[in-house]
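Enquirer: Enclosed is the structure file query03.txt (compact mmCIF, C-alpha atoms).
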```
# COMPACT_ATOMS: atom_id res chain seq x y z
CA MET A 97 140.97 166.66 50.37
CA THR A 98 139.62 166.54 53.92
CA ASN A 99 139.60 163.45 56.10
CA ARG A 100 135.82 163.19 55.75
CA GLU A 101 135.98 163.47 51.97
CA ARG A 102 138.45 160.60 51.84
CA LEU A 103 136.23 158.48 54.08
CA GLU A 104 133.11 159.23 52.03
CA ARG A 105 134.55 156.97 49.33
CA TYR A 106 133.89 154.04 51.67
CA PHE A 107 130.17 154.81 52.12
CA PRO A 108 129.11 152.71 49.07
CA ILE A 109 131.16 149.79 50.40
CA ALA A 110 129.31 150.06 53.70
CA ASP A 111 125.98 150.03 51.85
CA PHE A 112 127.10 146.98 49.85
CA ILE A 113 127.99 145.03 53.00
CA GLN A 114 124.69 146.03 54.61
CA ALA A 115 122.64 144.96 51.57
CA MET A 116 124.53 141.68 51.31
CA THR A 117 124.24 140.81 55.02
CA GLY A 118 120.69 141.86 55.86
CA PRO A 119 118.73 143.82 58.49
CA ASN A 120 120.56 142.33 61.49
CA CYS A 121 123.76 144.03 60.32
CA GLU A 122 125.01 147.59 60.63
CA VAL A 123 128.12 149.08 59.08
CA VAL A 124 129.69 152.09 60.79
CA ILE A 125 132.43 154.39 59.54
CA HIS A 126 134.44 156.32 62.12
CA ASP A 127 136.46 159.47 61.42
CA LEU A 128 139.46 159.35 63.76
CA SER A 129 140.11 163.07 63.49
CA ASP A 130 137.26 163.67 66.00
CA LEU A 131 136.93 160.83 68.49
CA SER A 132 134.14 162.59 70.40
CA HIS A 133 131.90 162.54 67.29
CA SER A 134 133.63 159.84 65.28
CA ILE A 135 130.57 158.24 63.64
CA ILE A 136 130.11 159.88 60.24
CA TYR A 137 128.11 157.10 58.56
CA ILE A 138 125.93 154.25 59.80
CA THR A 139 123.73 152.03 57.64
CA SER A 140 121.24 150.56 60.12
CA PRO A 141 121.07 152.36 63.48
CA GLY A 142 118.58 149.83 64.87
CA VAL A 143 121.29 147.26 65.65
CA THR A 144 123.12 149.31 68.31
CA GLY A 145 120.90 152.38 68.50
CA ARG A 146 123.76 154.74 67.66
CA MET A 147 123.53 157.64 65.24
CA VAL A 148 125.79 159.86 63.13
CA GLY A 149 127.70 162.13 65.49
CA GLY A 150 128.12 159.44 68.14
CA THR A 151 131.40 158.74 69.88
CA ILE A 152 133.92 155.95 69.48
CA THR A 153 133.56 152.92 71.81
CA ASP A 154 136.03 152.10 74.56
CA TYR A 155 137.16 148.95 72.72
CA LEU A 156 137.89 150.81 69.48
CA LEU A 157 139.66 153.51 71.47
CA GLY A 158 141.89 150.79 72.88
CA LEU A 159 142.67 149.45 69.40
CA PHE A 160 143.61 152.97 68.33
CA THR A 161 145.83 153.79 71.32
CA GLU A 162 147.49 150.35 71.28
CA ARG A 163 148.25 150.92 67.57
CA GLN A 164 147.10 147.44 66.59
CA TYR A 165 146.61 148.74 63.06
CA GLU A 166 150.39 148.72 62.66
CA GLN A 167 150.45 144.90 62.67
CA LYS A 168 147.04 144.08 61.17
CA ASP A 169 144.77 145.27 58.38
CA PHE A 170 141.60 144.22 60.21
CA LEU A 171 140.15 142.34 63.20
CA VAL A 172 137.26 139.93 62.69
CA ASN A 173 134.64 138.04 64.69
CA TYR A 174 135.01 139.45 68.18
CA THR A 175 131.92 139.91 70.34
CA GLY A 176 130.06 143.06 71.33
CA ARG A 177 127.07 143.87 73.53
CA GLY A 178 124.20 145.90 72.15
CA PRO A 179 120.97 147.31 73.64
CA LYS A 180 118.92 144.90 75.77
CA ASN A 181 122.07 142.80 76.23
CA ARG A 182 121.93 141.49 72.66
CA LEU A 183 125.06 139.69 71.47
CA LEU A 184 126.84 141.00 68.37
CA ARG A 185 129.53 139.56 66.12
CA CYS A 186 131.86 142.42 65.22
CA SER A 187 134.68 143.09 62.78
CA THR A 188 136.79 146.21 62.20
CA TYR A 189 138.72 147.26 59.10
CA PHE A 190 141.49 149.85 59.49
CA ILE A 191 141.13 152.52 56.81
CA ARG A 192 144.50 153.89 55.71
CA GLU A 193 145.42 156.56 53.20
CA GLU A 194 149.11 156.79 52.28
CA SER A 195 150.02 154.64 55.33
CA GLU A 196 148.10 156.99 57.67
CA LEU A 197 145.21 155.58 59.70
CA ILE A 198 142.27 157.91 59.07
CA GLY A 199 139.22 155.86 59.99
CA LEU A 200 137.58 152.57 60.86
CA MET A 201 134.87 150.60 59.11
CA CYS A 202 133.04 148.38 61.59
CA VAL A 203 130.56 145.62 60.79
CA ASN A 204 128.27 144.61 63.68
CA ILE A 205 125.88 141.68 63.24
CA ASP A 206 123.19 140.84 65.80
CA ILE A 207 123.50 137.10 66.43
CA SER A 208 121.23 136.92 69.48
CA GLU A 209 118.56 134.90 67.65
CA LEU A 210 121.19 132.46 66.39
CA ILE A 211 122.52 132.04 69.93
CA HIS A 212 118.97 131.39 71.15
CA ALA A 213 118.48 128.80 68.39
CA ARG A 214 121.70 127.10 69.41
CA GLU A 215 120.56 127.02 73.04
CA VAL A 216 117.31 125.34 71.96
CA LEU A 217 119.32 122.72 70.07
CA ASP A 218 121.70 122.24 73.01
CA ALA A 219 118.75 121.68 75.31
CA ALA A 220 117.35 119.10 72.92
CA LEU A 221 120.75 117.40 72.83
CA MET A 222 120.84 117.36 76.68
CA ILE A 223 124.15 119.24 76.91
CA ASP A 224 125.10 120.63 80.34
CA GLU A 225 125.16 124.40 79.71
CA SER A 226 127.42 124.95 82.73
CA GLN A 227 130.21 123.33 80.73
CA LEU A 228 129.85 125.78 77.85
CA PRO A 229 132.09 128.89 77.74
CA GLU A 230 130.49 132.14 78.87
CA HIS A 231 129.87 134.77 76.19
CA ARG A 232 132.08 137.70 77.17
CA ALA A 233 131.77 140.73 74.97
CA LYS A 234 134.84 142.79 74.16
CA GLU A 235 132.99 145.85 72.91
CA ASP A 236 130.08 147.63 74.60
CA PHE A 237 127.90 149.84 72.39
CA THR A 238 125.66 150.95 75.26
CA LEU A 239 128.16 153.19 77.08
CA SER A 240 128.22 156.97 76.82
CA VAL A 241 131.52 158.88 77.10
CA GLY A 242 130.82 159.54 80.78
CA GLU A 243 130.06 155.87 81.39
CA ILE A 244 133.25 154.85 79.57
CA ILE A 245 135.23 157.10 81.93
CA ALA A 246 133.43 155.81 85.03
CA HIS A 247 133.94 152.21 83.87
CA ALA A 248 137.65 152.80 83.24
CA ILE A 249 138.10 154.43 86.66
CA SER A 250 136.22 151.56 88.34
CA GLU A 251 138.55 149.05 86.67
CA ALA A 252 141.63 151.11 87.60
CA THR A 253 140.56 151.42 91.26
CA MET A 254 139.24 147.85 91.58
CA GLY A 255 135.81 149.27 92.39
CA ALA A 256 136.97 151.54 95.24
CA ASP A 257 135.62 155.09 95.69
CA ALA A 258 138.08 157.09 93.58
CA SER A 259 137.61 160.28 95.62
CA THR A 260 138.98 158.55 98.75
CA LEU A 261 142.29 157.50 97.16
CA SER A 262 145.59 159.04 98.14
CA PRO A 263 147.21 161.58 95.79
CA GLU A 264 149.71 158.92 94.66
CA GLN A 265 146.90 156.47 93.90
CA LYS A 266 144.93 159.13 92.00
CA CYS A 267 148.04 159.91 89.98
CA ARG A 268 148.35 156.22 89.02
CA VAL A 269 144.66 156.13 88.05
CA VAL A 270 145.07 159.17 85.78
CA GLN A 271 148.18 157.65 84.21
CA ASP A 272 146.30 154.38 83.64
CA LEU A 273 143.45 156.27 81.97
CA SER A 274 145.94 158.15 79.82
CA GLY A 275 147.47 154.85 78.73
CA ARG A 276 144.02 153.65 77.68
CA GLY A 277 143.56 156.72 75.49
CA VAL A 278 140.69 158.14 77.55
CA PHE A 279 142.01 161.70 77.26
CA LEU A 280 141.99 161.54 73.47
CA VAL A 281 138.24 162.12 73.72
CA LYS A 282 137.36 165.79 74.14
CA GLY A 283 135.85 166.89 77.43
CA THR A 284 137.13 163.98 79.54
CA ILE A 285 139.50 165.99 81.75
CA PRO A 286 136.68 167.73 83.72
CA SER A 287 134.79 164.45 84.12
CA VAL A 288 137.84 162.61 85.45
CA ALA A 289 138.68 165.50 87.77
CA GLY A 290 135.16 165.44 89.20
CA LEU A 291 135.16 161.68 89.77
CA LEU A 292 138.57 161.80 91.46
CA GLY A 293 137.74 164.89 93.53
CA VAL A 294 140.69 166.90 92.22
CA SER A 295 141.10 170.00 90.06
CA GLU A 296 141.54 169.88 86.29
CA GLN A 297 145.01 171.36 86.78
CA THR A 298 145.90 168.40 89.01
CA VAL A 299 144.82 165.96 86.30
CA TYR A 300 147.02 167.78 83.76
CA ARG A 301 149.90 167.66 86.25
CA TYR A 302 149.50 163.90 86.73
CA ILE A 303 149.50 163.39 82.95
CA GLY A 304 152.59 165.57 82.57
CA LYS A 305 154.37 163.68 85.31
CA MET A 306 153.96 160.43 83.38
CA LYS A 307 155.36 162.01 80.21
CA ASN A 308 158.41 163.25 82.12
CA GLU A 309 159.21 159.91 83.74
```
What would you get if you wrote out this structure as structure tokens?
Expert:
Amino acid sequence: MTNRERLERYFPIADFIQAMTGPNCEVVIHDLSDLSHSIIYITSPGVTGRMVGGTITDYLLGLFTERQYEQKDFLVNYTGRGPKNRLLRCSTYFIREESELIGLMCVNIDISELIHAREVLDAALMIDESQLPEHRAKEDFTLSVGEIIAHAISEATMGADASTLSPEQKCRVVQDLSGRGVFLVKGTIPSVAGLLGVSEQTVYRYIGKMKNE
């Protein structure tokens, strides 16, 4: 049985969650055997605008590379950012078959209207909004693979122009990206090489240097 065939058994569960939760919810199933086109099922594309064949997000990639599934069966109620800066409440279930992680089932619920309703109530209650915690989303559904790479490089370089870094600094950037799991996504080596102003062979050499240390 293929990985996809095993994951197809979870499609009815996704439909059940969608029907139970309503139109502001989407349920997504990711096939981890192809991170570049990991989305194999999505119930309501209007919530995040993604479609079947889409890639994994940077946050989910981090969960995968950090192997959080080894300590937990699921993560619930973290925040995500959808199109038009809409706030989402997100949860992820780790799909295992015979102790092997094969996929993810993610539930994303648009709570923007609820947040707005709460703000209306807070205003009526005369609460100082500056004292309320800022909503900081962990997961961003609006980024393409290229934007994920550029965002990761910007974080690794503290916003500096990556092409102006020294060879040693570029090596550390590549090793940081490797630690984040960026290179698990197909086609990222050429993009990273272009942004750093080095050859693809140099990127491979930097990755190999980390493995040999």
Enquirer: Out of A:Asn181, A:Asn173, A:Asn99, A:Thr298, which residue has the shortest atom-to-atom distance to Gln271 (chain A) when counting all atoms listed in the file?
Expert: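 Closest to Gln271 (chain A), using all atoms listed in the file: A:Thr298.
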Enquirer: Can you work out which one of A:Leu171, A:Ala219, A:Leu280, A:Val124 has the shortest atom-to-atom distance to Gly150 (chain A), counting only C-alpha atoms?
Expert: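 That would be A:Val124, the residue with the smallest distance to Gly150 (chain A).
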Enquirer: Which residue gives the smallest distance to Glu196 (chain A) among A:Ser274, A:Ser134, A:Ser129, A:Gln114, with all atoms listed in the file counted?
Expert: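 The shortest atom-to-atom distance to Glu196 (chain A) comes from A:Ser129.
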Enquirer: List as a PyMOL selection string the residues having at least one atom at most 6 Å from position (137.9, 144.7, 65.9) as given in the file, counting only C-alpha atoms.
Expert: chain A and resi 171-172+187-188
Enquirer: Of the candidates A:Arg301, A:His126, A:Arg276, A:Arg182, which shows the shortest atom-to-atom distance to Glu104 (chain A), using only C-alpha atoms?
Expert: A:His126
